[in-house]
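> I am sharing model.txt, which consists of compact mmCIF, C-alpha atoms:
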# COMPACT_ATOMS: atom_id res chain seq x y z
CA ASN V 1 9.50 24.82 -13.22
CA LEU V 2 8.20 25.97 -16.62
CA THR V 3 5.74 28.45 -15.08
CA ARG V 4 8.35 30.47 -13.19
CA PRO V 5 9.27 32.77 -16.13
CA ILE V 6 5.56 33.55 -16.56
CA PHE V 7 5.13 34.50 -12.91
CA ARG V 8 8.21 36.69 -13.14
CA SER V 9 6.63 38.59 -16.06
CA TYR V 10 3.14 38.98 -14.60
CA GLY V 11 1.94 39.74 -11.11
CA PRO V 12 -0.72 37.86 -9.11
CA GLY V 13 -4.11 38.20 -10.78
CA GLU V 14 -2.61 39.58 -13.97
CA VAL V 15 -1.20 36.19 -14.96
CA ASP V 16 -4.64 34.60 -14.43
CA ALA V 17 -6.36 37.15 -16.66
CA GLU V 18 -3.74 36.63 -19.36
CA ALA V 19 -4.22 32.86 -19.17
CA LEU V 20 -7.98 33.29 -19.59
CA VAL V 21 -7.53 35.63 -22.55
CA ALA V 22 -5.07 33.14 -24.10
CA GLY V 23 -7.76 30.44 -24.12
CA ASN V 24 -7.44 28.56 -20.84
CA ASP V 25 -10.72 27.29 -19.43
CA VAL V 26 -9.41 26.39 -15.98
CA LEU V 27 -7.07 28.45 -13.82
CA LEU V 28 -4.85 26.48 -11.44
CA PHE V 29 -2.59 27.60 -8.59
CA VAL V 30 -4.16 31.07 -8.39
CA LYS V 31 -2.02 33.04 -5.96
CA SER V 32 -4.66 35.68 -5.20
CA VAL V 33 -8.32 35.04 -6.06
CA PRO V 34 -9.42 38.67 -5.36
CA LYS V 35 -6.68 40.06 -7.62
CA ALA V 36 -7.52 37.49 -10.31
CA ILE V 37 -11.19 38.52 -10.28
CA GLU V 38 -10.21 42.18 -10.46
CA ALA V 39 -7.83 41.60 -13.39
CA ILE V 40 -10.40 39.51 -15.28
CA LYS V 41 -13.02 42.25 -14.83
CA SER V 42 -10.51 44.75 -16.24
CA ALA V 43 -9.90 42.47 -19.25
CA ILE V 44 -13.67 42.34 -19.87
CA ALA V 45 -14.01 46.15 -19.52
CA SER V 46 -11.17 46.72 -21.99
CA GLY V 47 -12.72 44.34 -24.53
CA ARG V 48 -9.85 41.84 -24.47
CA ILE V 49 -12.35 39.10 -23.63
CA SER V 50 -16.14 39.14 -23.47
CA LEU V 51 -18.37 38.00 -20.65
CA GLU V 52 -20.16 35.83 -23.22
CA GLU V 53 -16.92 33.98 -23.98
CA ILE V 54 -16.28 33.36 -20.27
CA GLU V 55 -19.83 32.08 -19.81
CA LYS V 56 -19.34 29.65 -22.73
CA ARG V 57 -16.26 28.22 -20.99
CA VAL V 58 -18.10 27.94 -17.69
CA TYR V 59 -20.94 26.14 -19.50
CA LYS V 60 -18.42 23.72 -21.02
CA GLN V 61 -17.06 22.84 -17.57
CA LEU V 62 -20.60 22.35 -16.27
CA LEU V 63 -21.28 19.96 -19.16
CA PHE V 64 -18.21 17.93 -18.22
CA LYS V 65 -19.38 17.77 -14.61
CA HIS V 66 -22.85 16.68 -15.73
CA TRP V 67 -21.29 13.99 -17.94
CA MET V 68 -19.38 12.72 -14.89
CA GLY V 69 -22.66 12.40 -13.00
CA LEU V 70 -22.00 15.27 -10.61
CA ALA V 71 -25.45 16.72 -11.28
CA ASP V 72 -26.88 13.88 -9.20
CA PHE V 73 -24.18 14.04 -6.57
CA SER V 74 -24.82 12.42 -3.24
CA PRO V 75 -22.17 12.22 -0.51
CA ILE V 76 -20.64 8.86 0.31
CA ALA V 77 -19.82 7.45 3.71
CA LEU V 78 -16.30 8.49 4.68
CA GLU V 79 -15.80 5.80 7.30
CA GLY V 80 -13.27 3.28 5.99
CA ILE V 81 -12.91 5.11 2.66
CA SER V 82 -9.10 4.93 2.72
CA VAL V 83 -9.19 1.14 2.97
CA ASP V 84 -11.86 0.89 0.26
CA VAL V 85 -10.02 3.13 -2.20
CA ASN V 86 -6.66 1.45 -1.63
CA SER V 87 -7.83 -2.14 -1.31
CA GLU V 88 -6.01 -3.18 -4.50
CA THR V 89 -3.18 -0.62 -4.38
CA GLU V 90 -0.60 -2.96 -2.85
CA SER V 91 -1.21 -5.68 -5.41
CA LEU V 92 -1.15 -3.18 -8.29
CA ASN V 93 2.11 -1.61 -7.08
CA GLU V 94 3.67 -5.06 -6.78
CA GLN V 95 2.71 -5.91 -10.37
CA LEU V 96 3.81 -2.57 -11.86
CA TYR V 97 7.21 -2.41 -10.18
CA ARG V 98 7.92 -6.08 -10.83
CA ALA V 99 7.19 -5.61 -14.54
CA SER V 100 9.22 -2.40 -14.75
CA LEU V 101 12.61 -3.97 -13.94
CA THR V 102 14.79 -3.95 -17.04
CA LEU V 103 17.84 -6.13 -17.61
CA LEU V 104 19.83 -3.95 -20.01
CA GLN V 105 22.84 -6.22 -20.28
CA LYS V 106 23.87 -9.69 -19.16
CA ASN V 107 27.32 -10.96 -20.01
CA GLU V 108 27.64 -13.27 -17.02
CA THR V 109 25.21 -15.21 -14.87
CA PHE V 110 24.36 -13.79 -11.49
CA PRO V 111 26.61 -15.00 -8.65
CA GLU V 112 25.51 -18.31 -7.15
CA SER V 113 28.45 -20.45 -6.12
CA ALA V 114 30.84 -17.59 -5.35
CA LYS V 115 32.66 -18.13 -2.07
CA ARG V 116 32.86 -14.40 -1.33
CA VAL V 117 30.50 -11.74 -2.69
CA ALA V 118 31.18 -8.02 -2.29
CA LEU V 119 28.07 -5.86 -1.94
CA ILE V 120 28.96 -2.25 -2.66
CA SER V 121 26.30 0.41 -2.08
CA LEU V 122 27.22 3.70 -3.74
CA PHE V 123 25.13 6.75 -2.82
CA ALA V 124 24.95 9.79 -5.10
CA ASP V 125 24.35 13.38 -3.96
CA GLY V 126 20.59 12.84 -4.15
CA ASP V 127 17.47 14.97 -3.89
CA LYS V 128 16.53 16.44 -0.54
CA PRO V 129 12.98 16.41 0.89
CA ASP V 130 12.56 20.17 0.38
CA GLU V 131 14.05 20.41 -3.12
CA GLY V 132 11.10 19.70 -5.40
CA ALA V 133 7.63 18.28 -5.90
CA LEU V 134 8.88 15.23 -7.82
CA ASN V 135 11.66 14.11 -5.51
CA HIS V 136 9.36 11.46 -4.05
CA HIS V 137 10.31 9.38 -7.10
CA THR V 138 13.94 9.30 -6.03
CA LEU V 139 14.03 9.44 -2.25
CA LEU V 140 14.55 6.15 -0.42
CA LYS V 141 10.94 6.02 0.81
CA GLY V 142 10.48 2.97 2.97
CA ALA V 143 13.57 1.37 1.45
CA LEU V 144 15.99 1.97 4.30
CA GLY V 145 16.09 -0.25 7.34
CA GLU V 146 16.61 0.85 10.92
CA GLU V 147 20.40 0.72 10.59
CA GLY V 148 20.43 2.69 7.33
CA VAL V 149 21.00 -0.39 5.16
CA ALA V 150 18.88 -0.38 1.99
CA LEU V 151 16.35 -3.19 1.68
CA PHE V 152 18.01 -4.41 -1.52
CA GLU V 153 21.23 -5.06 0.36
CA GLN V 154 19.37 -6.52 3.35
CA GLU V 155 17.76 -9.10 1.07
CA LEU V 156 21.12 -10.06 -0.46
CA LEU V 157 22.88 -10.18 2.90
CA GLY V 158 20.21 -12.57 4.11
CA PHE V 159 20.54 -14.70 0.98
CA TYR V 160 24.34 -14.95 0.79
CA GLY V 161 24.90 -15.02 4.53
CA GLU V 162 28.53 -15.16 5.63
CA ARG V 163 29.70 -15.14 2.00
CA ALA V 164 28.56 -11.51 1.60
CA HIS V 165 30.63 -8.53 2.69
CA HIS V 166 28.95 -5.14 2.55
CA LEU V 167 30.48 -1.70 2.01
CA VAL V 168 28.44 1.53 1.96
CA LEU V 169 30.07 4.43 0.15
CA LYS V 170 28.70 7.95 -0.02
CA HIS V 171 29.69 10.17 -2.94
CA ASN V 172 31.92 12.30 -0.70
CA GLU V 173 33.68 9.36 0.97
CA ILE V 174 35.15 7.62 -2.07
CA GLU V 175 38.65 9.10 -2.03
CA GLU V 176 39.26 8.49 1.68
CA ARG V 177 37.96 4.89 1.51
CA ILE V 178 39.33 3.82 -1.88
CA THR V 179 41.85 1.42 -0.33
CA GLN V 180 39.10 -0.31 1.63
CA LEU V 181 37.09 -0.64 -1.58
CA GLN V 182 40.01 -2.05 -3.57
CA THR V 183 40.82 -4.58 -0.84
CA LEU V 184 37.21 -5.79 -0.70
CA ILE V 185 37.09 -6.27 -4.47
CA ALA V 186 40.44 -8.05 -4.57
CA ASP V 187 39.29 -10.50 -1.89
CA SER V 188 35.94 -11.27 -3.60
CA ASP V 189 34.89 -13.65 -6.37
CA GLU V 190 31.89 -11.57 -7.42
CA VAL V 191 30.80 -7.98 -6.98
CA ILE V 192 27.30 -6.51 -6.85
CA LEU V 193 27.44 -2.75 -7.20
CA SER V 194 24.23 -0.87 -6.47
CA ILE V 195 23.79 2.85 -7.08
CA HIS V 196 21.31 4.75 -4.93
CA ASP V 197 20.01 8.25 -4.28
CA VAL V 198 20.25 9.45 -7.88
CA LYS V 199 18.56 12.77 -8.56
CA LEU V 200 15.50 12.76 -10.79
CA LYS V 201 16.54 15.74 -12.92
CA ALA V 202 19.62 16.40 -15.04
CA PRO V 203 21.05 19.55 -13.39
CA ASP V 204 24.04 18.72 -11.18
CA ASN V 205 24.62 15.61 -13.30
CA PHE V 206 21.76 13.75 -11.55
CA GLY V 207 23.82 14.00 -8.35
CA ILE V 208 26.48 11.72 -9.85
CA THR V 209 29.88 13.18 -8.98
CA ARG V 210 33.17 12.81 -10.86
CA GLU V 211 34.47 10.63 -8.05
CA MET V 212 31.48 8.31 -8.49
CA ILE V 213 32.03 8.07 -12.25
CA ALA V 214 35.69 7.14 -11.75
CA CYS V 215 34.76 4.68 -8.99
CA VAL V 216 32.13 2.86 -11.06
CA GLU V 217 34.44 2.63 -14.06
CA SER V 218 37.24 1.22 -11.90
CA VAL V 219 34.99 -1.37 -10.22
CA LEU V 220 33.51 -2.57 -13.52
CA ARG V 221 36.91 -2.78 -15.19
CA SER V 222 38.70 -4.61 -12.38
CA SER V 223 36.08 -7.16 -11.29
CA LYS V 224 33.20 -9.38 -12.29
CA ALA V 225 30.65 -6.79 -11.21
CA HIS V 226 26.88 -6.74 -11.59
CA LEU V 227 25.50 -3.20 -11.64
CA VAL V 228 22.04 -2.42 -10.21
CA PHE V 229 20.90 1.13 -10.87
CA PHE V 230 18.09 2.67 -8.80
CA GLY V 231 17.39 5.91 -10.66
CA ASN V 232 16.55 7.86 -13.77
CA PRO V 233 17.66 5.79 -16.80
CA TYR V 234 19.02 8.93 -18.48
CA ALA V 235 21.52 9.18 -15.64
CA LEU V 236 23.16 5.96 -16.82
CA SER V 237 24.64 7.93 -19.70
CA LYS V 238 26.78 9.78 -17.16
CA LEU V 239 28.60 6.57 -16.21
CA SER V 240 31.54 5.05 -18.04
CA GLY V 241 32.56 1.43 -18.62
CA LEU V 242 29.08 -0.09 -18.53
CA THR V 243 29.99 -2.56 -21.26
CA ASP V 244 32.51 -4.10 -18.83
CA ALA V 245 29.73 -4.99 -16.39
CA SER V 246 28.71 -8.62 -15.99
CA SER V 247 25.13 -7.33 -16.02
CA VAL V 248 23.21 -4.06 -15.78
CA LEU V 249 19.83 -4.09 -14.05
CA LEU V 250 17.71 -0.93 -14.15
CA ALA V 251 15.22 -0.45 -11.30
CA TYR V 252 14.23 3.19 -12.05
CA GLN V 253 13.08 4.24 -8.56
CA GLU V 254 13.88 3.82 -4.88
CA ASN V 255 11.16 2.11 -2.87
CA ARG V 256 10.47 -1.16 -1.11
CA TYR V 257 9.02 -2.71 -4.28
CA THR V 258 11.99 -2.01 -6.56
CA HIS V 259 14.43 -3.08 -3.85
CA LYS V 260 12.57 -6.32 -3.25
CA TYR V 261 12.30 -7.32 -6.91
CA ALA V 262 15.80 -6.20 -7.85
CA ALA V 263 17.15 -8.45 -5.12
CA GLN V 264 15.02 -11.35 -6.35
CA ALA V 265 16.32 -10.80 -9.88
CA ILE V 266 19.91 -10.99 -8.63
CA MET V 267 19.50 -14.05 -6.40
CA PRO V 268 20.03 -17.02 -8.74
CA THR V 269 17.75 -19.52 -7.00
CA LYS V 270 14.93 -17.03 -6.58
CA THR V 271 12.10 -16.27 -8.99
CA LEU V 272 10.35 -12.93 -9.14
CA LYS V 273 7.15 -13.07 -7.11
Would you kindly transcribe this structure into structure tokens?

Amino acid sequence: NLTRPIFRSYGPGEVDAEALVAGNDVLLFVKSVPKAIEAIKSAIASGRISLEEIEKRVYKQLLFKHWMGLADFSPIALEGISVDVNSETESLNEQLYRASLTLLQKNETFPESAKRVALISLFADGDKPDEGALNHHTLLKGALGEEGVALFEQELLGFYGERAHHLVLKHNEIEERITQLQTLIADSDEVILSIHDVKLKAPDNFGITREMIACVESVLRSSKAHLVFFGNPYALSKLSGLTDASSVLLAYQENRYTHKYAAQAIMPTKTLK
């Protein structure tokens, strides 16, 4: 958080007065309104900022509100407002996430006639619900089924049927299950490797462990593997051997929309819809 060093240098109220003196018109996330008022009054008394200057800024905000029509404000009926406001949200989300999918590389066609397809779900050491305001972009919101299988894999399992064999690997299980992974790959004609639960931010390597890096490189080198990456595109730079992949599909985020359309992009007889 970029504001943390500022809060460490100034106490509650003091930081708000300093922000006002520095030229800010609006003060957000005020920790103590009484202390902020007291500190601002002190800044006025000391001549660091004039009451006239503060009144000019207030007047500017009032002009903006007037321009927005708030001078003639009348309350609206709240009954059914959630439905009204979100009436087109589903359709818009569908369009945005469908258009966001990016095929970074395609050396081979997606598996169609393969007799045996290995679906490998690799989970990084992802964000936790209490670790940050932006982790909602990375958490598997609504994308996990009742049995903990991601919707992307559920779609593919339904499409390939008995030809598909699914293996879920968490970042801390790779070493103990490497033989199982190698056997599955050796017995399969095609491999679809999906990477989930990638952290949004760079610290901790986006949650991508050394074991994961080695695992991805080995899978891509030893098989005809299609890589589907649900996460921050910058995190792809942490992986090795991507040029060996039959294809690389970037889905950016983890949610039911990206999982649905990524699966449709992989399934050869499907069209994105």
> Do you know which residues are at most 9 Å from V:Lys170 counting only C-alpha atoms, after dropping those on the same chain fewer than 6 positions away, and could you put them as an MDAnalysis selection string?
chainID V and resid 121:125 212
> My list of candidates is V:Val30, V:Ala202, V:Ile120, V:Ile192. Which is closest to V:Ser237 when distances are computed with only C-alpha atoms?
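That would be V:Ala202, the residue with the smallest distance to V:Ser237.
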> Which residues are close to V:Tyr261, i.e. within 12 Å by all atoms listed in the file, leaving aside same-chain residues fewer than 6 positions away? Reply as a list in words.
Asn93, Glu94, Gln95, Leu96, Tyr97, Arg98, Ala99, Ser100, Leu101, Thr102, Leu151, Phe152, Glu153, Glu155, Leu156, Val228, Phe230, Leu249, Leu250, Ala251, Tyr252, Gln253, Glu254, Asn255, Met267, Lys270, Thr271, Leu272 and Lys273 of chain V
> Could you check how far atom CA of V:Glu38 sits from atom CA of V:Asp16, in Å to one decimal?
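Result for atom CA of V:Glu38 versus atom CA of V:Asp16: 10.2 Å, one decimal.
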> How many Å lie between atom CA of V:Ala164 and atom CA of V:Lys106, rounded to one decimal?
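Atom CA of V:Lys106 lies 21.4 Å from atom CA of V:Ala164.
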> Using atom CA of V:Ala43 and atom CA of V:Ala22 as the two end points, give the distance in Å to one decimal.
11.6 Å
